[in-house]
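See structure below.
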Amino acid sequence: ASTPAPGPLDGQFWDIVEADFRRLVANHPIYATYLGIHDSDDRLDDATRDALVQELADSHRTLRELVGLDPAGLSESVRLERELAIHNVRRSLFDAEVHRIWERRSTAMDQVGDALFSIFARDFAPLGERLASLTSRLEAIPALLDQHWTRATAPQVRLWQELEIDSGEQIPFLFEEIKAAGNGELGERDQIRLDKAVATASAAVVAYVDRVKAGMGSTVESWALGSDAYDELVGLRAFDGLGASQILEIGHQQLALNKAARVEDARGIDPSVDEATVVDRVKSKHPTTFDEALVGYRDAMNRARAHIVEHDIATMPPGEQISVMATPEYLRTVIPFAAYFEPPKFDKHPSGIYIVTPSVGNDPNAMREHYWASISNTSVHEAYPGHHLQLSAAVAHPSLVRLMTDAPEFVEGWGMYSEQMMREQGFDAGPEFLLAMHTDAIWRACRIILDVRMHRGELSVDEATAFLVEHTGFEHANAQAEVFRYTYTPTYQLSYLLGKVLLLQLRADEQKKLGANFSLKRFHDTLLRNGSLPISFHRRLLDAGA
């Protein structure tokens, strides 16, 4: 609804938005499932090049319609929604027309995994119904894999194809988990159909991986976006006016600040030994098994939630739910630590999923990354009051524009802001927890530096991995998996710590403006209520009292 008084063109604007959303949902059943719209759970997307070219044309048409809408005919609130919608489409067009990963990297395994995981892991319907949908999607996988080849009209990037091969070799484990879930749940005929679908999909994936391997001789090494395109992308991200060079400087500043803070943390733990010895001791305090670690993650998450409620830090969205599980094997090479999947907006009982990776490549030292202090920090970031709380609140906003907004500097920045804010509010605020927090902040500062420098063409994958190991102490396998992801997600990785810096500045500005009337809970609730927006848009809403 438009407030306080509708403009004469408000309805036309929302018609454009809804038509665009309905088109996306109709053309992308996997996206629809992710949102909790389940009437196409038995279908997969059309992954052909022709379909993608048509989508580009549709996006350009939507952009023309939005730009052509006279802001003078819109209410104040809808004028902001229009600017946000234009921002969204331009960001999407950059990815498709400038970055063009879709024609330089085989991403079929990502699409297959997303199509199945979002149905298998979420308890939105009886398992038998979900298995029926999964069977249909498994049966459609061979056609999907063939369709993906029509996109590959540019030379494929060697590293990205290697990642696709790794994923292709892991995805059958997910197929087998789905097959096993049918035993005792499905009737004989349905189980036979599921078994056949798994066998056919598995064979198709093997053939697909063989084809990727066969094409490795014609791949190229170049993956960097390049300085000019990178600067253009930074501008489109609406980082409160910051350019790439300024962001890089923030990265260097934050690396130095957090390193100095960790030195002080180490002295607070044991002033008689050097920092490296203290860090090693802290990392050596970890669960003996991954199952024990998962229990620890759940406990830390629940303690953090109780602390928020007890200290009146933020309002809990009604009915929010979250589950914690091990990262599926097919995702472990690209998610070396942990991640979060937000509650589907349209599910009747939306629930978030917090995944934690046991190890990358069966690394024998992997449990050192699950040390107790880090478990606390990660759970604050991923669950309470981090991603789960923030995204559970965001999906309650009625705007489809905000639902379709991609603003990782707020989403990931909120997760990092939560780490510091919770220590300020007395949660797990001892020196070992502070050391873990500053260790994670050092990692995120490295992300800013590597994001900018890698995509300017200044660092190779090996150089970036060595930089990350040097400054974070990560095990090599985890650091390398991190850097692999950086190669195809320009400006995403820098969003974490940059977003925290911008949020702290936003909070300081609000405190200065409101003085004694500033309320931390009201500040948090306002941001959470307004959704996952670029921080520059949040600033405008706060200034307007929205």
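Chain labels follow the order of the structure tokens: the first chain is A, the next B, and so on; residue numbering restarts at 1 in every chain, and ligands are counted from 1 in their shown order.
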Close residues, A:Leu450 itself excluded, 8 Å, only C-alpha atoms, min 4 positions apart in chain, as a list in words:
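Counting only C-alpha atoms, the residues come to Cys446, Met454, Leu459 and Ala464 of chain A.
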Restrict the selected residues to all heavy atoms and save them as an mmCIF file, in the first residue's frame.
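Heads up, here's the output in selection.cif:
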data_model
loop_
_atom_site.group_PDB
_atom_site.id
_atom_site.type_symbol
_atom_site.label_atom_id
_atom_site.label_comp_id
_atom_site.auth_asym_id
_atom_site.auth_seq_id
_atom_site.Cartn_x
_atom_site.Cartn_y
_atom_site.Cartn_z
ATOM 1 N N CYS A 446 40.796 -9.380 4.552
ATOM 2 C CA CYS A 446 41.497 -9.988 3.416
ATOM 3 C C CYS A 446 40.563 -10.119 2.217
ATOM 4 O O CYS A 446 40.991 -9.925 1.061
ATOM 5 C CB CYS A 446 42.040 -11.360 3.810
ATOM 6 S SG CYS A 446 43.393 -11.328 4.988
ATOM 7 N N MET A 454 42.156 -9.048 -7.019
ATOM 8 C CA MET A 454 42.028 -10.174 -7.935
ATOM 9 C C MET A 454 41.300 -9.762 -9.205
ATOM 10 O O MET A 454 41.705 -10.122 -10.320
ATOM 11 C CB MET A 454 41.299 -11.332 -7.259
ATOM 12 C CG MET A 454 42.135 -12.083 -6.224
ATOM 13 S SD MET A 454 41.178 -13.309 -5.289
ATOM 14 C CE MET A 454 40.800 -14.517 -6.570
ATOM 15 N N LEU A 459 46.368 -10.172 -8.831
ATOM 16 C CA LEU A 459 46.742 -11.358 -8.065
ATOM 17 C C LEU A 459 46.194 -12.610 -8.734
ATOM 18 O O LEU A 459 45.046 -12.634 -9.175
ATOM 19 C CB LEU A 459 46.189 -11.283 -6.635
ATOM 20 C CG LEU A 459 46.771 -10.236 -5.675
ATOM 21 C CD1 LEU A 459 45.993 -10.264 -4.363
ATOM 22 C CD2 LEU A 459 48.249 -10.495 -5.421
ATOM 23 N N ALA A 464 46.666 -15.241 -4.167
ATOM 24 C CA ALA A 464 45.576 -14.875 -3.255
ATOM 25 C C ALA A 464 45.446 -15.916 -2.140
ATOM 26 O O ALA A 464 45.211 -15.572 -0.973
ATOM 27 C CB ALA A 464 44.263 -14.760 -4.026
#
Give me the residues near A:Gln505 as a list of chain:residue names, where near means some atom within 12 Å (using only C-alpha atoms) and where sequence neighbours in that chain fewer than 4 positions away do not count.
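Using only C-alpha atoms, the neighbours found are A:Asp240, A:Gly413, A:Tyr417, A:Leu498, A:Gly499, A:Lys500, A:Val501, A:Asp509, A:Glu510, A:Gln511, A:Lys512, A:Ile535, A:Ser536, A:Arg539.
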Based on the selection just made, write C-alpha atoms of those residues as a short mmCIF file (atom, residue, chain, number, x, y, z; two decimals), in the first residue's frame.
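Resulting contents of result23.cif:
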data_model
loop_
_atom_site.label_atom_id
_atom_site.label_comp_id
_atom_site.auth_asym_id
_atom_site.auth_seq_id
_atom_site.Cartn_x
_atom_site.Cartn_y
_atom_site.Cartn_z
CA ASP A 240 27.15 5.14 -0.25
CA GLY A 413 27.32 -6.72 6.72
CA TYR A 417 27.86 -6.17 12.60
CA LEU A 498 32.49 -3.19 4.20
CA GLY A 499 28.84 -3.66 5.14
CA LYS A 500 29.77 -3.78 8.83
CA VAL A 501 31.79 -0.56 8.49
CA ASP A 509 25.03 8.93 12.58
CA GLU A 510 21.68 7.95 14.10
CA GLN A 511 23.08 8.24 17.63
CA LYS A 512 24.44 11.70 16.84
CA ILE A 535 22.69 0.53 3.04
CA SER A 536 22.39 3.79 1.09
CA ARG A 539 20.00 5.62 5.21
#
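As for atom CA of A:Ala338 and atom CA of A:Ile355, they are spaced 5.5 Å apart.
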List the spatial neighbours of A:Glu103 as an MDAnalysis selection string - criterion: any atom at most 8 Å away, only C-alpha atoms, same-chain residues fewer than 4 positions off excluded.
chainID A and resid 151:154 156
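Those residues in stretch 242-369 of chain A carrying a DSSP assignment of strand (DSSP E or B), computed from the backbone, are Ile322, Ser323, Val324, Met325, Ala326, Ala338, Ala339, Tyr340, Phe341, Gly352, Ile353, Tyr354, Ile355 and Val356 of chain A.
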Atoms kept (all heavy atoms) for selection, written as a JSON list (two decimals), in the first residue's frame:
[["chain", "number", "residue", "atom", "x", "y", "z"],
["A", 322, "ILE", "N", 14.46, -22.38, 12.62],
["A", 322, "ILE", "CA", 15.75, -22.62, 11.96],
["A", 322, "ILE", "C", 16.20, -24.05, 12.27],
["A", 322, "ILE", "O", 15.95, -24.57, 13.37],
["A", 322, "ILE", "CB", 16.81, -21.60, 12.42],
["A", 322, "ILE", "CG1", 18.15, -21.82, 11.70],
["A", 322, "ILE", "CG2", 17.00, -21.64, 13.93],
["A", 322, "ILE", "CD1", 19.17, -20.73, 11.95],
["A", 323, "SER", "N", 16.86, -24.69, 11.30],
["A", 323, "SER", "CA", 17.47, -26.00, 11.53],
["A", 323, "SER", "C", 18.95, -25.91, 11.18],
["A", 323, "SER", "O", 19.37, -25.10, 10.36],
["A", 323, "SER", "CB", 16.78, -27.07, 10.67],
["A", 323, "SER", "OG", 16.87, -26.75, 9.30],
["A", 324, "VAL", "N", 19.75, -26.75, 11.83],
["A", 324, "VAL", "CA", 21.20, -26.79, 11.63],
["A", 324, "VAL", "C", 21.58, -28.17, 11.09],
["A", 324, "VAL", "O", 21.13, -29.18, 11.63],
["A", 324, "VAL", "CB", 21.95, -26.51, 12.95],
["A", 324, "VAL", "CG1", 23.46, -26.45, 12.69],
["A", 324, "VAL", "CG2", 21.48, -25.23, 13.59],
["A", 325, "MET", "N", 22.37, -28.21, 10.02],
["A", 325, "MET", "CA", 22.75, -29.50, 9.44],
["A", 325, "MET", "C", 24.11, -29.39, 8.77],
["A", 325, "MET", "O", 24.62, -28.29, 8.53],
["A", 325, "MET", "CB", 21.70, -29.95, 8.42],
["A", 325, "MET", "CG", 21.57, -29.04, 7.22],
["A", 325, "MET", "SD", 20.28, -29.60, 6.05],
["A", 325, "MET", "CE", 18.79, -29.39, 7.03],
["A", 326, "ALA", "N", 24.69, -30.54, 8.49],
["A", 326, "ALA", "CA", 25.97, -30.58, 7.77],
["A", 326, "ALA", "C", 25.77, -30.14, 6.32],
["A", 326, "ALA", "O", 24.74, -30.42, 5.70],
["A", 326, "ALA", "CB", 26.54, -31.99, 7.81],
["A", 338, "ALA", "N", 30.65, -22.26, 6.58],
["A", 338, "ALA", "CA", 29.22, -22.32, 6.93],
["A", 338, "ALA", "C", 28.44, -21.39, 6.01],
["A", 338, "ALA", "O", 29.02, -20.52, 5.34],
["A", 338, "ALA", "CB", 29.01, -21.93, 8.40],
["A", 339, "ALA", "N", 27.14, -21.59, 5.98],
["A", 339, "ALA", "CA", 26.27, -20.72, 5.17],
["A", 339, "ALA", "C", 24.85, -20.81, 5.70],
["A", 339, "ALA", "O", 24.53, -21.66, 6.55],
["A", 339, "ALA", "CB", 26.32, -21.12, 3.69],
["A", 340, "TYR", "N", 23.99, -19.96, 5.16],
["A", 340, "TYR", "CA", 22.60, -19.91, 5.61],
["A", 340, "TYR", "C", 21.68, -19.77, 4.42],
["A", 340, "TYR", "O", 21.96, -19.02, 3.48],
["A", 340, "TYR", "CB", 22.41, -18.72, 6.57],
["A", 340, "TYR", "CG", 20.98, -18.53, 7.01],
["A", 340, "TYR", "CD1", 20.42, -19.35, 7.98],
["A", 340, "TYR", "CD2", 20.17, -17.54, 6.44],
["A", 340, "TYR", "CE1", 19.10, -19.20, 8.38],
["A", 340, "TYR", "CE2", 18.86, -17.38, 6.83],
["A", 340, "TYR", "CZ", 18.32, -18.21, 7.79],
["A", 340, "TYR", "OH", 17.00, -18.06, 8.17],
["A", 341, "PHE", "N", 20.56, -20.51, 4.44],
["A", 341, "PHE", "CA", 19.53, -20.41, 3.42],
["A", 341, "PHE", "C", 18.29, -19.80, 4.06],
["A", 341, "PHE", "O", 17.76, -20.33, 5.04],
["A", 341, "PHE", "CB", 19.21, -21.79, 2.83],
["A", 341, "PHE", "CG", 20.35, -22.39, 2.07],
["A", 341, "PHE", "CD1", 21.32, -23.14, 2.73],
["A", 341, "PHE", "CD2", 20.47, -22.21, 0.70],
["A", 341, "PHE", "CE1", 22.38, -23.71, 2.04],
["A", 341, "PHE", "CE2", 21.52, -22.77, -0.01],
["A", 341, "PHE", "CZ", 22.48, -23.52, 0.67],
["A", 352, "GLY", "N", 14.48, -21.29, 8.25],
["A", 352, "GLY", "CA", 15.81, -21.11, 7.73],
["A", 352, "GLY", "C", 16.64, -22.37, 7.90],
["A", 352, "GLY", "O", 16.35, -23.21, 8.73],
["A", 353, "ILE", "N", 17.71, -22.48, 7.10],
["A", 353, "ILE", "CA", 18.62, -23.63, 7.19],
["A", 353, "ILE", "C", 20.04, -23.10, 7.36],
["A", 353, "ILE", "O", 20.53, -22.31, 6.55],
["A", 353, "ILE", "CB", 18.55, -24.51, 5.94],
["A", 353, "ILE", "CG1", 17.14, -25.09, 5.76],
["A", 353, "ILE", "CG2", 19.56, -25.64, 6.02],
["A", 353, "ILE", "CD1", 16.97, -25.91, 4.49],
["A", 354, "TYR", "N", 20.70, -23.54, 8.42],
["A", 354, "TYR", "CA", 22.07, -23.16, 8.77],
["A", 354, "TYR", "C", 22.92, -24.38, 8.51],
["A", 354, "TYR", "O", 22.73, -25.41, 9.15],
["A", 354, "TYR", "CB", 22.05, -22.72, 10.24],
["A", 354, "TYR", "CG", 23.35, -22.44, 10.95],
["A", 354, "TYR", "CD1", 24.56, -22.27, 10.30],
["A", 354, "TYR", "CD2", 23.34, -22.31, 12.34],
["A", 354, "TYR", "CE1", 25.71, -21.99, 11.00],
["A", 354, "TYR", "CE2", 24.49, -22.03, 13.06],
["A", 354, "TYR", "CZ", 25.68, -21.88, 12.38],
["A", 354, "TYR", "OH", 26.83, -21.60, 13.09],
["A", 355, "ILE", "N", 23.83, -24.29, 7.52],
["A", 355, "ILE", "CA", 24.67, -25.45, 7.20],
["A", 355, "ILE", "C", 26.11, -25.18, 7.62],
["A", 355, "ILE", "O", 26.60, -24.06, 7.55],
["A", 355, "ILE", "CB", 24.60, -25.82, 5.70],
["A", 355, "ILE", "CG1", 25.09, -24.68, 4.81],
["A", 355, "ILE", "CG2", 23.19, -26.24, 5.30],
["A", 355, "ILE", "CD1", 25.22, -25.05, 3.34],
["A", 356, "VAL", "N", 26.77, -26.25, 8.05],
["A", 356, "VAL", "CA", 28.16, -26.18, 8.51],
["A", 356, "VAL", "C", 28.95, -27.27, 7.80],
["A", 356, "VAL", "O", 28.51, -28.43, 7.73],
["A", 356, "VAL", "CB", 28.27, -26.36, 10.03],
["A", 356, "VAL", "CG1", 29.71, -26.18, 10.48],
["A", 356, "VAL", "CG2", 27.35, -25.39, 10.77]]
Using only C-alpha atoms, which residues of stretch 82-185 of chain A come within 8 Å of stretch 196-218 of chain A, and what is the closest atom pair for each, with the distance in Å to one decimal? Give it as JSON lines, sorted by chain and residue number.
{"residue": "A:Thr135", "atom": "CA", "partner": "A:Ala197", "partner_atom": "CA", "distance": 6.2}
{"residue": "A:Ser136", "atom": "CA", "partner": "A:Ala197", "partner_atom": "CA", "distance": 7.9}
{"residue": "A:Leu138", "atom": "CA", "partner": "A:Ala197", "partner_atom": "CA", "distance": 5.6}
{"residue": "A:Glu139", "atom": "CA", "partner": "A:Ala197", "partner_atom": "CA", "distance": 5.1}
{"residue": "A:Ile141", "atom": "CA", "partner": "A:Ala201", "partner_atom": "CA", "distance": 5.9}
{"residue": "A:Pro142", "atom": "CA", "partner": "A:Ala204", "partner_atom": "CA", "distance": 5.4}
{"residue": "A:Leu145", "atom": "CA", "partner": "A:Tyr208", "partner_atom": "CA", "distance": 6.9}
{"residue": "A:Pro155", "atom": "CA", "partner": "A:Ser218", "partner_atom": "CA", "distance": 7.1}
{"residue": "A:Gln156", "atom": "CA", "partner": "A:Ser218", "partner_atom": "CA", "distance": 7.6}
{"residue": "A:Arg158", "atom": "CA", "partner": "A:Met216", "partner_atom": "CA", "distance": 6.6}
{"residue": "A:Gln161", "atom": "CA", "partner": "A:Val212", "partner_atom": "CA", "distance": 6.9}
{"residue": "A:Glu164", "atom": "CA", "partner": "A:Val209", "partner_atom": "CA", "distance": 7.9}
{"residue": "A:Ile165", "atom": "CA", "partner": "A:Val209", "partner_atom": "CA", "distance": 5.7}
{"residue": "A:Gly168", "atom": "CA", "partner": "A:Val209", "partner_atom": "CA", "distance": 6.1}
{"residue": "A:Glu169", "atom": "CA", "partner": "A:Val209", "partner_atom": "CA", "distance": 7.7}
{"residue": "A:Pro172", "atom": "CA", "partner": "A:Ser202", "partner_atom": "CA", "distance": 5.9}
{"residue": "A:Phe175", "atom": "CA", "partner": "A:Val198", "partner_atom": "CA", "distance": 5.9}
{"residue": "A:Glu176", "atom": "CA", "partner": "A:Val198", "partner_atom": "CA", "distance": 7.3}
{"residue": "A:Lys179", "atom": "CA", "partner": "A:Val198", "partner_atom": "CA", "distance": 7.0}
Find, counting only C-alpha atoms, the residue in A:Tyr496, A:Trp160, A:Phe523, A:Tyr31 that gets nearest to A:Ile442.
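Among the listed residues, the smallest separation from A:Ile442 belongs to A:Tyr496.
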Show which residues sit within 10 Å of A:Leu520, as a tab-separated table (two decimals) with C-alpha atoms, in the first residue's frame. Count only C-alpha atoms, and ignore same-chain residues fewer than 5 positions away.
chain	number	residue	atom	x	y	z
A	312	ASP	CA	15.87	-6.46	24.57
A	313	ILE	CA	18.27	-6.09	21.65
A	314	ALA	CA	15.83	-6.77	18.79
A	507	ARG	CA	24.44	3.68	13.72
A	510	GLU	CA	21.68	7.95	14.10
A	511	GLN	CA	23.08	8.24	17.63
A	525	ASP	CA	14.00	-3.19	14.39
A	526	THR	CA	13.74	-0.40	11.81
